[in-house]
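Enquirer: Pasting run-v5.csv below, which is CSV, C-alpha atoms.
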```csv
chain,number,residue,atom,x,y,z
A,1,ASN,CA,-77.0,31.5,-120.5
A,2,LYS,CA,-77.9,30.6,-124.1
A,3,GLN,CA,-81.2,29.0,-123.0
A,4,ILE,CA,-82.1,32.1,-121.0
A,5,PHE,CA,-81.3,34.3,-124.0
A,6,VAL,CA,-83.6,32.3,-126.3
A,7,LYS,CA,-86.4,32.5,-123.8
A,8,ILE,CA,-86.1,36.3,-123.6
A,9,LYS,CA,-85.9,36.7,-127.4
A,10,LYS,CA,-89.2,34.7,-127.7
A,11,LYS,CA,-91.0,37.4,-125.6
A,12,HIS,CA,-90.2,40.0,-128.2
A,13,MET,CA,-92.5,40.5,-131.2
A,14,HIS,CA,-91.6,42.1,-134.6
A,15,ILE,CA,-94.6,44.1,-135.6
A,16,ALA,CA,-95.1,45.8,-138.9
A,17,ILE,CA,-97.5,48.8,-139.1
A,18,ASP,CA,-98.9,50.3,-142.3
A,19,VAL,CA,-98.3,54.0,-142.0
A,20,ARG,CA,-99.4,54.9,-145.5
A,21,PRO,CA,-102.3,56.9,-144.0
A,22,LEU,CA,-99.6,59.3,-142.7
A,23,MET,CA,-97.9,60.1,-146.0
A,24,GLU,CA,-100.1,63.1,-146.8
A,25,LYS,CA,-99.5,66.5,-145.3
A,26,GLU,CA,-103.2,67.0,-144.6
A,27,LEU,CA,-104.4,64.0,-142.5
A,28,THR,CA,-107.8,62.5,-142.8
A,29,GLY,CA,-109.7,60.9,-139.9
A,30,VAL,CA,-107.9,57.6,-140.6
A,31,GLY,CA,-104.6,59.5,-140.6
A,32,GLU,CA,-105.3,61.1,-137.3
A,33,TYR,CA,-106.4,57.8,-135.8
A,34,THR,CA,-103.1,56.2,-137.1
A,35,LEU,CA,-101.0,59.0,-135.7
A,36,ASN,CA,-102.6,59.2,-132.3
A,37,LEU,CA,-102.7,55.5,-131.8
A,38,LEU,CA,-99.2,54.9,-133.0
A,39,THR,CA,-97.8,57.7,-130.8
A,40,GLU,CA,-99.3,56.3,-127.7
A,41,VAL,CA,-98.4,52.6,-128.6
A,42,LEU,CA,-94.7,53.6,-129.0
A,43,LYS,CA,-94.8,55.5,-125.7
A,44,GLN,CA,-96.1,52.5,-123.8
A,45,ASP,CA,-94.2,49.6,-125.6
A,46,ASN,CA,-90.4,49.6,-125.5
A,47,LYS,CA,-90.3,45.8,-125.6
A,48,ASN,CA,-91.5,44.9,-129.1
A,49,GLU,CA,-89.8,46.0,-132.3
A,50,TYR,CA,-91.9,48.1,-134.7
A,51,TYR,CA,-91.4,48.4,-138.5
A,52,LEU,CA,-93.3,51.3,-140.1
A,53,PHE,CA,-94.2,50.4,-143.7
A,54,PHE,CA,-94.8,53.0,-146.3
A,55,ASN,CA,-94.5,53.3,-150.1
A,56,SER,CA,-94.4,56.1,-152.6
A,57,ARG,CA,-92.7,57.0,-155.8
A,58,LYS,CA,-91.9,60.5,-154.5
A,59,SER,CA,-90.2,61.2,-151.1
A,60,VAL,CA,-92.8,61.4,-148.3
A,61,LEU,CA,-90.4,60.8,-145.3
A,62,SER,CA,-90.6,64.5,-144.4
A,63,ASN,CA,-94.4,64.1,-143.9
A,64,LEU,CA,-94.1,61.2,-141.6
A,65,PRO,CA,-93.9,61.7,-137.8
A,66,LYS,CA,-90.4,61.4,-136.4
A,67,PHE,CA,-90.3,58.7,-133.8
A,68,LYS,CA,-86.9,58.4,-132.2
A,69,GLN,CA,-87.4,55.3,-130.0
A,70,LYS,CA,-84.8,52.6,-130.6
A,71,ASN,CA,-87.4,50.0,-131.3
A,72,VAL,CA,-88.9,51.9,-134.2
A,73,HIS,CA,-87.7,51.2,-137.8
A,74,TYR,CA,-88.8,53.1,-140.9
A,75,CYS,CA,-89.3,50.8,-143.9
A,76,GLY,CA,-89.9,52.8,-147.0
A,77,PHE,CA,-90.3,51.6,-150.6
A,78,ASN,CA,-90.4,53.5,-153.9
A,79,TRP,CA,-92.8,51.7,-156.2
A,80,PRO,CA,-95.5,53.7,-157.9
A,81,ASN,CA,-98.5,53.2,-155.7
A,82,LYS,CA,-100.9,52.3,-158.6
A,83,LEU,CA,-98.4,49.6,-159.7
A,84,LEU,CA,-98.1,48.2,-156.2
A,85,ASN,CA,-101.9,48.2,-155.6
A,86,LEU,CA,-102.4,46.4,-159.0
A,87,SER,CA,-99.7,43.8,-158.1
A,88,LEU,CA,-101.1,43.2,-154.7
A,89,LYS,CA,-104.6,42.8,-156.0
A,90,LEU,CA,-103.9,40.6,-159.1
A,91,PHE,CA,-100.8,38.6,-157.9
A,92,LYS,CA,-100.8,38.9,-154.1
A,93,TYR,CA,-97.3,40.1,-154.6
A,94,PRO,CA,-95.2,41.4,-152.9
A,95,LYS,CA,-96.0,39.9,-149.5
A,96,LEU,CA,-95.5,43.1,-147.5
A,97,ASP,CA,-93.9,41.4,-144.5
A,98,GLN,CA,-91.5,39.5,-146.7
A,99,TRP,CA,-90.7,42.7,-148.6
A,100,ILE,CA,-89.7,44.3,-145.3
A,101,MET,CA,-87.6,41.3,-144.3
A,102,ASP,CA,-85.8,41.2,-147.7
A,103,LYS,CA,-84.8,44.9,-147.6
A,104,TYR,CA,-84.4,45.7,-143.9
A,105,HIS,CA,-83.5,42.3,-142.5
A,106,PRO,CA,-85.5,42.0,-139.3
A,107,PRO,CA,-85.3,38.5,-137.9
A,108,LYS,CA,-89.0,38.0,-138.6
A,109,ILE,CA,-92.3,39.9,-138.9
A,110,ASP,CA,-94.7,38.2,-136.5
A,111,LEU,CA,-97.7,40.4,-137.1
A,112,PHE,CA,-98.8,43.2,-139.4
A,113,PHE,CA,-101.2,45.9,-138.3
A,114,PHE,CA,-103.3,47.8,-140.8
A,115,PRO,CA,-105.1,50.9,-139.3
A,116,ASN,CA,-107.6,50.9,-142.2
A,117,ILE,CA,-108.7,48.8,-145.2
A,118,SER,CA,-106.1,49.0,-148.0
A,119,PHE,CA,-104.4,47.0,-150.7
A,120,LEU,CA,-102.4,44.3,-148.8
A,121,ALA,CA,-100.9,40.8,-148.9
A,122,THR,CA,-98.9,39.2,-146.1
A,123,LYS,CA,-97.5,35.8,-145.1
A,124,CYS,CA,-97.8,36.6,-141.4
A,125,PRO,CA,-101.1,37.1,-139.6
A,126,TYR,CA,-102.6,40.6,-139.7
A,127,ILE,CA,-104.9,42.8,-137.6
A,128,ILE,CA,-107.0,45.4,-139.3
A,129,THR,CA,-109.2,48.3,-138.0
A,130,SER,CA,-112.7,48.8,-139.3
A,131,HIS,CA,-113.8,52.4,-138.8
A,132,ASP,CA,-117.2,52.0,-140.4
A,133,LEU,CA,-119.2,50.2,-143.1
A,134,SER,CA,-120.7,53.3,-144.7
A,135,PHE,CA,-119.6,52.0,-148.1
A,136,GLU,CA,-121.9,49.1,-147.6
A,137,PHE,CA,-124.9,50.9,-146.2
A,138,PHE,CA,-124.7,54.2,-148.2
A,139,PRO,CA,-122.9,53.6,-151.5
A,140,GLU,CA,-125.0,56.3,-153.1
A,141,PHE,CA,-123.1,58.9,-151.0
A,142,LEU,CA,-119.8,57.8,-152.6
A,143,SER,CA,-118.3,59.0,-155.9
A,144,LEU,CA,-118.0,56.4,-158.7
A,145,LYS,CA,-114.3,56.3,-158.2
A,146,ARG,CA,-114.6,55.5,-154.5
A,147,ARG,CA,-117.3,52.9,-155.1
A,148,LEU,CA,-115.0,51.2,-157.6
A,149,TRP,CA,-112.1,51.4,-155.1
A,150,HIS,CA,-114.1,49.6,-152.5
A,151,GLU,CA,-115.3,47.0,-155.0
A,152,ILE,CA,-111.8,46.3,-156.1
A,153,ILE,CA,-110.3,46.2,-152.6
A,154,ASN,CA,-113.1,43.8,-151.3
A,155,PRO,CA,-113.3,44.8,-147.6
A,156,LYS,CA,-115.2,41.6,-146.7
A,157,LYS,CA,-112.3,39.5,-147.9
A,158,LEU,CA,-109.8,41.6,-145.9
A,159,PHE,CA,-111.9,41.2,-142.8
A,160,VAL,CA,-112.5,37.4,-143.3
A,161,ASN,CA,-108.8,36.8,-143.7
A,162,ALA,CA,-107.7,38.9,-140.8
A,163,LYS,CA,-106.5,37.3,-137.6
A,164,GLN,CA,-108.3,39.9,-135.6
A,165,ILE,CA,-110.5,43.0,-136.5
A,166,ILE,CA,-110.6,46.1,-134.3
A,167,ALA,CA,-114.0,47.7,-134.3
A,168,VAL,CA,-114.0,51.3,-133.1
A,169,SER,CA,-117.5,51.1,-131.5
A,170,ASP,CA,-120.3,48.7,-130.6
A,171,ASN,CA,-122.1,50.0,-133.7
A,172,THR,CA,-119.2,49.1,-136.0
A,173,GLU,CA,-118.8,45.7,-134.2
A,174,ASP,CA,-122.5,45.0,-134.8
A,175,ASP,CA,-122.3,46.0,-138.4
A,176,LEU,CA,-119.3,43.7,-139.1
A,177,PHE,CA,-121.2,40.8,-137.5
A,178,GLN,CA,-124.5,41.4,-139.2
A,179,LYS,CA,-123.2,42.3,-142.7
A,180,TYR,CA,-120.3,39.8,-143.0
A,181,SER,CA,-121.3,37.1,-140.5
A,182,LEU,CA,-117.9,37.2,-139.0
A,183,ASP,CA,-116.9,35.1,-136.0
A,184,VAL,CA,-117.6,37.4,-133.1
A,185,ASN,CA,-114.5,36.1,-131.3
A,186,ARG,CA,-112.3,37.7,-134.0
A,187,ILE,CA,-113.8,41.1,-133.6
A,188,LYS,CA,-112.4,43.2,-130.7
A,189,LYS,CA,-114.1,46.5,-129.8
A,190,ILE,CA,-111.5,49.1,-128.9
A,191,TYR,CA,-112.8,52.7,-128.7
A,192,SER,CA,-110.7,55.4,-130.3
A,193,GLY,CA,-109.5,58.3,-128.1
A,194,ILE,CA,-109.7,62.1,-128.0
A,195,THR,CA,-106.4,64.0,-127.6
A,196,PRO,CA,-106.0,66.0,-124.4
A,197,ASN,CA,-105.5,69.3,-126.4
A,198,TYR,CA,-109.3,69.4,-127.0
A,199,LYS,CA,-110.3,71.3,-123.9
A,200,ILE,CA,-111.9,74.6,-122.7
A,201,ILE,CA,-109.6,77.5,-123.5
A,202,ASN,CA,-109.7,80.9,-121.9
A,203,HIS,CA,-111.1,83.4,-124.4
A,204,GLU,CA,-108.4,85.9,-123.4
A,205,ASP,CA,-105.7,83.5,-124.5
A,206,SER,CA,-103.5,85.1,-127.1
A,207,LYS,CA,-103.5,82.2,-129.5
A,208,PHE,CA,-107.3,82.0,-129.3
A,209,LYS,CA,-107.6,85.7,-130.2
A,210,LYS,CA,-105.1,85.2,-133.1
A,211,ILE,CA,-107.2,82.3,-134.6
A,212,LYS,CA,-110.4,84.3,-134.3
A,213,GLN,CA,-108.7,87.2,-136.1
A,214,LYS,CA,-107.0,85.0,-138.7
A,215,TYR,CA,-110.4,83.5,-139.8
A,216,SER,CA,-112.5,86.6,-138.9
A,217,LEU,CA,-114.7,84.5,-136.6
A,218,PRO,CA,-117.7,86.3,-135.2
A,219,GLU,CA,-118.6,86.4,-131.5
A,220,LYS,CA,-121.4,83.9,-132.1
A,221,PHE,CA,-121.7,81.3,-134.8
A,222,ILE,CA,-123.0,77.8,-135.6
A,223,LEU,CA,-120.2,75.4,-136.6
A,224,PHE,CA,-119.9,72.3,-138.7
A,225,LEU,CA,-116.5,70.7,-139.0
A,226,GLY,CA,-115.8,67.5,-141.1
A,227,THR,CA,-115.2,66.3,-144.6
A,228,ILE,CA,-117.4,68.0,-147.2
A,229,GLU,CA,-119.3,65.0,-148.6
A,230,PRO,CA,-122.9,63.8,-148.8
A,231,ARG,CA,-122.9,61.4,-145.8
A,232,LYS,CA,-122.3,64.2,-143.4
A,233,ASN,CA,-125.8,65.6,-144.4
A,234,ILE,CA,-124.4,69.1,-144.8
A,235,LEU,CA,-127.2,69.9,-147.4
A,236,GLY,CA,-129.7,69.0,-144.7
A,237,LEU,CA,-128.0,71.3,-142.3
A,238,ILE,CA,-128.0,74.2,-144.8
A,239,GLU,CA,-131.7,73.7,-145.5
A,240,ALA,CA,-132.5,73.6,-141.8
A,241,PHE,CA,-130.4,76.7,-141.2
A,242,ASN,CA,-132.2,78.5,-144.1
A,243,LEU,CA,-135.6,77.6,-142.5
A,244,LEU,CA,-134.5,78.9,-139.1
A,245,ASP,CA,-133.0,82.1,-140.7
A,246,LYS,CA,-136.5,82.9,-142.2
A,247,GLU,CA,-138.2,82.0,-139.0
A,248,GLU,CA,-136.0,83.8,-136.5
A,249,GLN,CA,-134.3,87.2,-136.5
A,250,ASN,CA,-130.6,87.6,-135.8
A,251,ILE,CA,-129.6,84.0,-135.7
A,252,PRO,CA,-125.8,83.5,-135.7
A,253,PRO,CA,-124.1,82.7,-139.1
A,254,LEU,CA,-123.3,79.1,-140.0
A,255,ILE,CA,-119.6,78.3,-140.7
A,256,LEU,CA,-118.7,75.1,-142.5
A,257,VAL,CA,-115.1,73.9,-142.0
A,258,GLY,CA,-113.6,70.9,-143.8
A,259,LYS,CA,-111.5,69.4,-146.5
A,260,LEU,CA,-113.3,68.8,-149.8
A,261,GLY,CA,-114.2,65.2,-150.1
A,262,TRP,CA,-116.4,64.0,-153.0
A,263,LYS,CA,-119.8,65.0,-154.4
A,264,TYR,CA,-119.3,68.4,-152.8
A,265,LYS,CA,-120.3,70.8,-155.6
A,266,LYS,CA,-124.0,70.8,-154.6
A,267,ILE,CA,-123.1,71.5,-151.0
A,268,ILE,CA,-120.8,74.4,-151.9
A,269,LYS,CA,-123.4,75.8,-154.3
A,270,ALA,CA,-126.2,75.6,-151.6
A,271,ALA,CA,-123.9,77.3,-149.1
A,272,GLU,CA,-123.2,80.2,-151.5
A,273,GLU,CA,-126.9,81.0,-151.8
A,274,ASN,CA,-127.1,82.3,-148.2
A,275,LYS,CA,-124.7,85.2,-147.3
A,276,LYS,CA,-124.9,84.1,-143.6
A,277,ILE,CA,-123.2,80.8,-144.5
A,278,ARG,CA,-119.4,80.7,-144.8
A,279,PHE,CA,-117.1,77.9,-146.0
A,280,ILE,CA,-113.6,77.6,-144.7
A,281,LYS,CA,-111.5,74.8,-146.3
A,282,TYR,CA,-109.3,72.4,-144.4
A,283,ILE,CA,-107.7,73.8,-141.3
A,284,LYS,CA,-104.7,72.5,-139.3
A,285,ALA,CA,-105.5,69.9,-136.6
A,286,GLN,CA,-104.0,72.1,-134.0
A,287,GLU,CA,-106.5,74.9,-134.9
A,288,LYS,CA,-109.6,72.9,-134.5
A,289,ARG,CA,-109.9,73.3,-130.8
A,290,TYR,CA,-110.0,77.1,-131.2
A,291,PHE,CA,-113.0,76.8,-133.6
A,292,TYR,CA,-114.8,74.5,-131.1
A,293,ASN,CA,-114.1,76.9,-128.3
A,294,ALA,CA,-115.3,79.9,-130.3
A,295,ALA,CA,-118.5,78.3,-131.6
A,296,THR,CA,-121.9,78.9,-129.9
A,297,LEU,CA,-123.1,75.5,-131.2
A,298,PHE,CA,-121.7,72.5,-133.0
A,299,VAL,CA,-124.0,70.7,-135.4
A,300,TYR,CA,-123.2,67.3,-136.8
A,301,PRO,CA,-126.2,65.7,-138.5
A,302,SER,CA,-124.4,62.8,-140.2
A,303,PHE,CA,-126.4,60.0,-141.7
A,304,TYR,CA,-123.9,57.4,-140.4
A,305,GLU,CA,-120.7,57.3,-138.3
A,306,GLY,CA,-118.5,54.4,-137.2
A,307,PHE,CA,-117.2,56.5,-134.3
A,308,GLY,CA,-117.6,60.2,-134.8
A,309,PHE,CA,-114.6,62.3,-133.6
A,310,PRO,CA,-116.0,65.9,-134.1
A,311,PRO,CA,-118.9,65.8,-131.7
A,312,LEU,CA,-116.7,64.5,-128.9
A,313,GLU,CA,-114.0,67.0,-129.7
A,314,ALA,CA,-116.5,69.8,-129.5
A,315,GLN,CA,-117.9,68.6,-126.2
A,316,ARG,CA,-114.4,68.4,-124.7
A,317,CYS,CA,-114.0,72.1,-125.7
A,318,GLY,CA,-117.3,72.9,-123.8
A,319,CYS,CA,-119.4,73.5,-127.0
A,320,ALA,CA,-123.0,72.4,-127.0
A,321,VAL,CA,-123.7,69.7,-129.6
A,322,VAL,CA,-126.6,68.8,-131.9
A,323,THR,CA,-126.1,65.5,-133.7
A,324,ALA,CA,-127.9,62.7,-135.4
A,325,ASN,CA,-129.8,60.0,-133.5
A,326,ASN,CA,-128.2,57.1,-135.4
A,327,SER,CA,-125.3,54.7,-135.7
A,328,SER,CA,-122.4,55.2,-133.2
A,329,LEU,CA,-123.4,58.8,-132.4
A,330,ILE,CA,-126.0,57.7,-129.9
A,331,GLU,CA,-123.5,55.3,-128.4
A,332,ILE,CA,-120.6,57.7,-127.9
A,333,CYS,CA,-122.0,61.2,-127.4
A,334,SER,CA,-122.6,62.2,-123.8
A,335,ASN,CA,-125.8,63.5,-122.3
A,336,ASN,CA,-124.5,67.0,-123.1
A,337,THR,CA,-126.1,66.5,-126.5
A,338,ILE,CA,-129.4,67.1,-128.4
A,339,PHE,CA,-130.2,64.2,-130.7
A,340,VAL,CA,-132.2,64.9,-133.9
A,341,ASP,CA,-133.5,62.9,-136.8
A,342,PRO,CA,-131.2,63.8,-139.7
A,343,ASN,CA,-133.9,63.0,-142.2
A,344,ASN,CA,-136.3,65.5,-140.6
A,345,LEU,CA,-135.5,69.1,-141.4
A,346,THR,CA,-138.0,70.4,-138.9
A,347,ASP,CA,-136.4,68.3,-136.1
A,348,LEU,CA,-133.0,69.4,-137.1
A,349,LYS,CA,-134.1,73.1,-137.2
A,350,ASN,CA,-135.8,72.8,-133.8
A,351,GLY,CA,-132.7,71.2,-132.3
A,352,ILE,CA,-130.6,74.1,-133.4
A,353,LYS,CA,-133.2,76.6,-132.2
A,354,ALA,CA,-133.5,75.0,-128.8
A,355,VAL,CA,-129.7,75.3,-128.1
A,356,LEU,CA,-129.6,78.9,-129.4
A,357,LYS,CA,-132.3,79.9,-127.0
A,358,THR,CA,-130.4,78.6,-123.9
A,359,THR,CA,-128.7,81.3,-121.9
A,360,SER,CA,-125.3,79.6,-121.6
A,361,GLN,CA,-123.0,79.6,-124.6
A,362,THR,CA,-120.7,77.0,-123.4
A,363,ALA,CA,-121.8,74.0,-121.2
A,364,LYS,CA,-119.1,72.2,-119.3
A,365,PRO,CA,-118.1,68.9,-120.9
A,366,SER,CA,-119.7,65.8,-119.3
A,367,ALA,CA,-117.4,63.6,-117.2
A,368,THR,CA,-118.4,60.6,-119.3
A,369,ILE,CA,-116.2,62.0,-122.1
A,370,ASP,CA,-113.1,61.0,-120.2
A,371,VAL,CA,-113.7,57.4,-121.4
A,372,TRP,CA,-112.2,58.4,-124.8
A,373,ASP,CA,-108.5,58.1,-124.0
A,374,TRP,CA,-105.7,57.2,-126.5
A,375,THR,CA,-103.7,55.8,-123.6
A,376,GLU,CA,-106.4,53.2,-123.0
A,377,THR,CA,-106.9,52.6,-126.8
A,378,ALA,CA,-103.1,51.9,-127.1
A,379,ARG,CA,-103.0,49.6,-124.0
A,380,GLN,CA,-105.8,47.5,-125.4
A,381,THR,CA,-104.3,47.4,-128.9
A,382,ILE,CA,-100.9,46.2,-127.5
A,383,ALA,CA,-102.7,43.6,-125.5
A,384,LEU,CA,-104.4,42.4,-128.7
A,385,PHE,CA,-101.0,42.3,-130.5
A,386,GLU,CA,-99.8,40.0,-127.7
A,387,LYS,CA,-102.9,37.9,-127.7
A,388,THR,CA,-102.8,37.4,-131.5
A,389,LYS,CA,-99.1,36.3,-131.3
A,390,ASN,CA,-99.9,33.7,-128.6
A,391,SER,CA,-103.0,32.3,-130.1
```
Could you render the structure as structure tokens?

Expert:
Amino acid sequence: NKQIFVKIKKKHMHIAIDVRPLMEKELTGVGEYTLNLLTEVLKQDNKNEYYLFFNSRKSVLSNLPKFKQKNVHYCGFNWPNKLLNLSLKLFKYPKLDQWIMDKYHPPKIDLFFFPNISFLATKCPYIITSHDLSFEFFPEFLSLKRRLWHEIINPKKLFVNAKQIIAVSDNTEDDLFQKYSLDVNRIKKIYSGITPNYKIINHEDSKFKKIKQKYSLPEKFILFLGTIEPRKNILGLIEAFNLLDKEEQNIPPLILVGKLGWKYKKIIKAAEENKKIRFIKYIKAQEKRYFYNAATLFVYPSFYEGFGFPPLEAQRCGCAVVTANNSSLIEICSNNTIFVDPNNLTDLKNGIKAVLKTTSQTAKPSATIDVWDWTETARQTIALFEKTKNS
């Protein structure tokens, strides 16, 4: 009986997951990735033990999702984050897996999963997700503070020391290989997913009507939704819209929706110069689908994306999409898309114009979008956990 028990115990893994991206009330793209992936992983896996690591001087437990599975353990610490980051960078202390074991006493942490680059140090092997390498290819789009953060954190070293790296697209996988000369066998492409709540909604739905009323959304409008920062090429979108506004009569207004990121002052100033452009700050995640459903057209002329959630979310909601012909956007967007050169204002303007002249406001989402499923993302991620432990 003792031998059988030992064999069974060996099949279980003790996996720590960094949930620091979930500590804020308003989640970023990385936060949404972490939440959706973790939710589905814990639905599928009741065999392994999961230890959710977070750290903050102030209490953030109320912001974290409440997982009630018996194999989930919250492991919180109360160091000032700046002090912890400095200690991790300069002294490689504390080892985060050992820290968890010392305070919460799991038998062992076999593996640590980091859903994004961050300050870290571990004794055990770790897996890390790479969402994009925009900081390498477009440092000019970052604020000085963010450039310094990336310089200090040294992403290349984090990837080199990782047991496995998850790339969220072929484009990101290629960038990791080309930029850092990483062993291709240590890079695993696992596409991110799109949550099922992004879907076509009946315009007579009471919630739909309430959201339209809450934000005073017009019957027709052009939508951009994303972080307000230079890489998204919002200035280019505004300029293209202004050109079209002069060229055509009665074009729908442009509504910009998103959390303020960095280097956004020029963007906001440019938007304020045209009365047909509105800016709405960060909206709740559950409200996004109503904006996509209400929009006549979604425009996302980003200079670079590692994956690109918004165009796929818009397509799921039946909204026509104009997006950039670069990076992962060509790879992941379906054929229900008009691709444009984000560096060419005329091309961008004509792409918007072409969609506005079509008779159908909402095209049905392409069946190819069904590829983007968090269930499959989680299944492949759990398989990678198991593979890493056995390798």

Enquirer: How many Å separate CA of Leu158 (chain A) from CA of Lys108 (chain A)?

Expert: 22.3 Å

Enquirer: Between A:Ser192, A:Gln178, A:Asn161, A:Ser143, which one has atoms that come closest to Val30 (chain A), using all atoms listed in the file?

Expert: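 Smallest separation from Val30 (chain A) among the options: A:Ser192.
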
Enquirer: Could you check how far CA of Ile222 (chain A) sits from CA of Lys353 (chain A), in Å to one decimal?

Expert: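 Computing the Euclidean distance for CA of Ile222 (chain A) and CA of Lys353 (chain A) yields 10.8 Å.
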
Enquirer: Which residue, A:Ile268, A:Ala314, A:Val168, A:Ile153, has the smallest gap to Leu225 (chain A) when you use all atoms listed in the file?

Expert: A:Ala314

Enquirer: Which region 280-341 of chain A residues have any atom within 10 Å of an atom of region 211-214 of chain A, and for each, what is the nearest pair of atoms with distance in Å to one decimal, counting all atoms listed in the file, rows sorted by chain and number, as a Markdown table?

Expert:
```
| residue | atom | partner | partner_atom | distance |
| --- | --- | --- | --- | --- |
| A:Glu287 | CA | A:Ile211 | CA | 7.4 |
| A:Lys288 | CA | A:Ile211 | CA | 9.7 |
| A:Tyr290 | CA | A:Ile211 | CA | 6.8 |
| A:Phe291 | CA | A:Lys212 | CA | 8.0 |
| A:Ala294 | CA | A:Lys212 | CA | 7.7 |
```

Enquirer: Ranking A:Gly236, A:Pro65, A:Gly306, A:Gly226 by minimum distance to Ala167 (chain A) and counting all atoms listed in the file, which one comes first?

Expert: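 Smallest distance to Ala167 (chain A) is found for A:Gly306.
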
Enquirer: What does the structure give for the distance between CA of Tyr33 (chain A) and CA of Gln286 (chain A), in Å to one decimal?

Expert: 14.6 Å

Enquirer: Around the point (-94.7, 41.0, -125.2), in the coordinates given by the file, pick out the residues reaching within 8 Å, counting all atoms listed in the file, and return them as a short mmCIF file (atom, residue, chain, number, x, y, z; two decimals) with C-alpha atoms, in the frame of the given file.

Expert:
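New file selection11.cif:
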```cif
data_model
loop_
_atom_site.label_atom_id
_atom_site.label_comp_id
_atom_site.auth_asym_id
_atom_site.auth_seq_id
_atom_site.Cartn_x
_atom_site.Cartn_y
_atom_site.Cartn_z
CA LYS A 11 -91.00 37.40 -125.60
CA HIS A 12 -90.20 40.00 -128.20
CA MET A 13 -92.50 40.50 -131.20
CA LYS A 47 -90.30 45.80 -125.60
CA ASN A 48 -91.50 44.90 -129.10
CA GLU A 386 -99.80 40.00 -127.70
#
```

Enquirer: Check the smallest atom-to-atom distance from each of A:Ile17, A:Ile228, A:Leu312, A:Leu61 to Tyr198 (chain A) using all atoms listed in the file, then report the winner.

Expert: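 Once distances to Tyr198 (chain A) are computed over all atoms listed in the file, the minimum belongs to A:Leu312.
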
Enquirer: When you look at Tyr93 (chain A) with a cut-off of 12 Å (counting only C-alpha atoms), what residues show up, excluding the ones that are within fewer than 6 positions of it in the same chain? I need them as a list in words.

Expert: Leu83, Leu84, Asn85, Leu86, Ser87, Trp99, Phe119, Leu120, Ala121, Thr122 and Lys123 of chain A

Enquirer: Compare A:Leu144, A:Val19, A:Leu348, A:Ile127 by their minimum atom-to-atom distance to Phe159 (chain A), counting all atoms listed in the file, and give me the closest one.

Expert: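 Closest to Phe159 (chain A), using all atoms listed in the file: A:Ile127.
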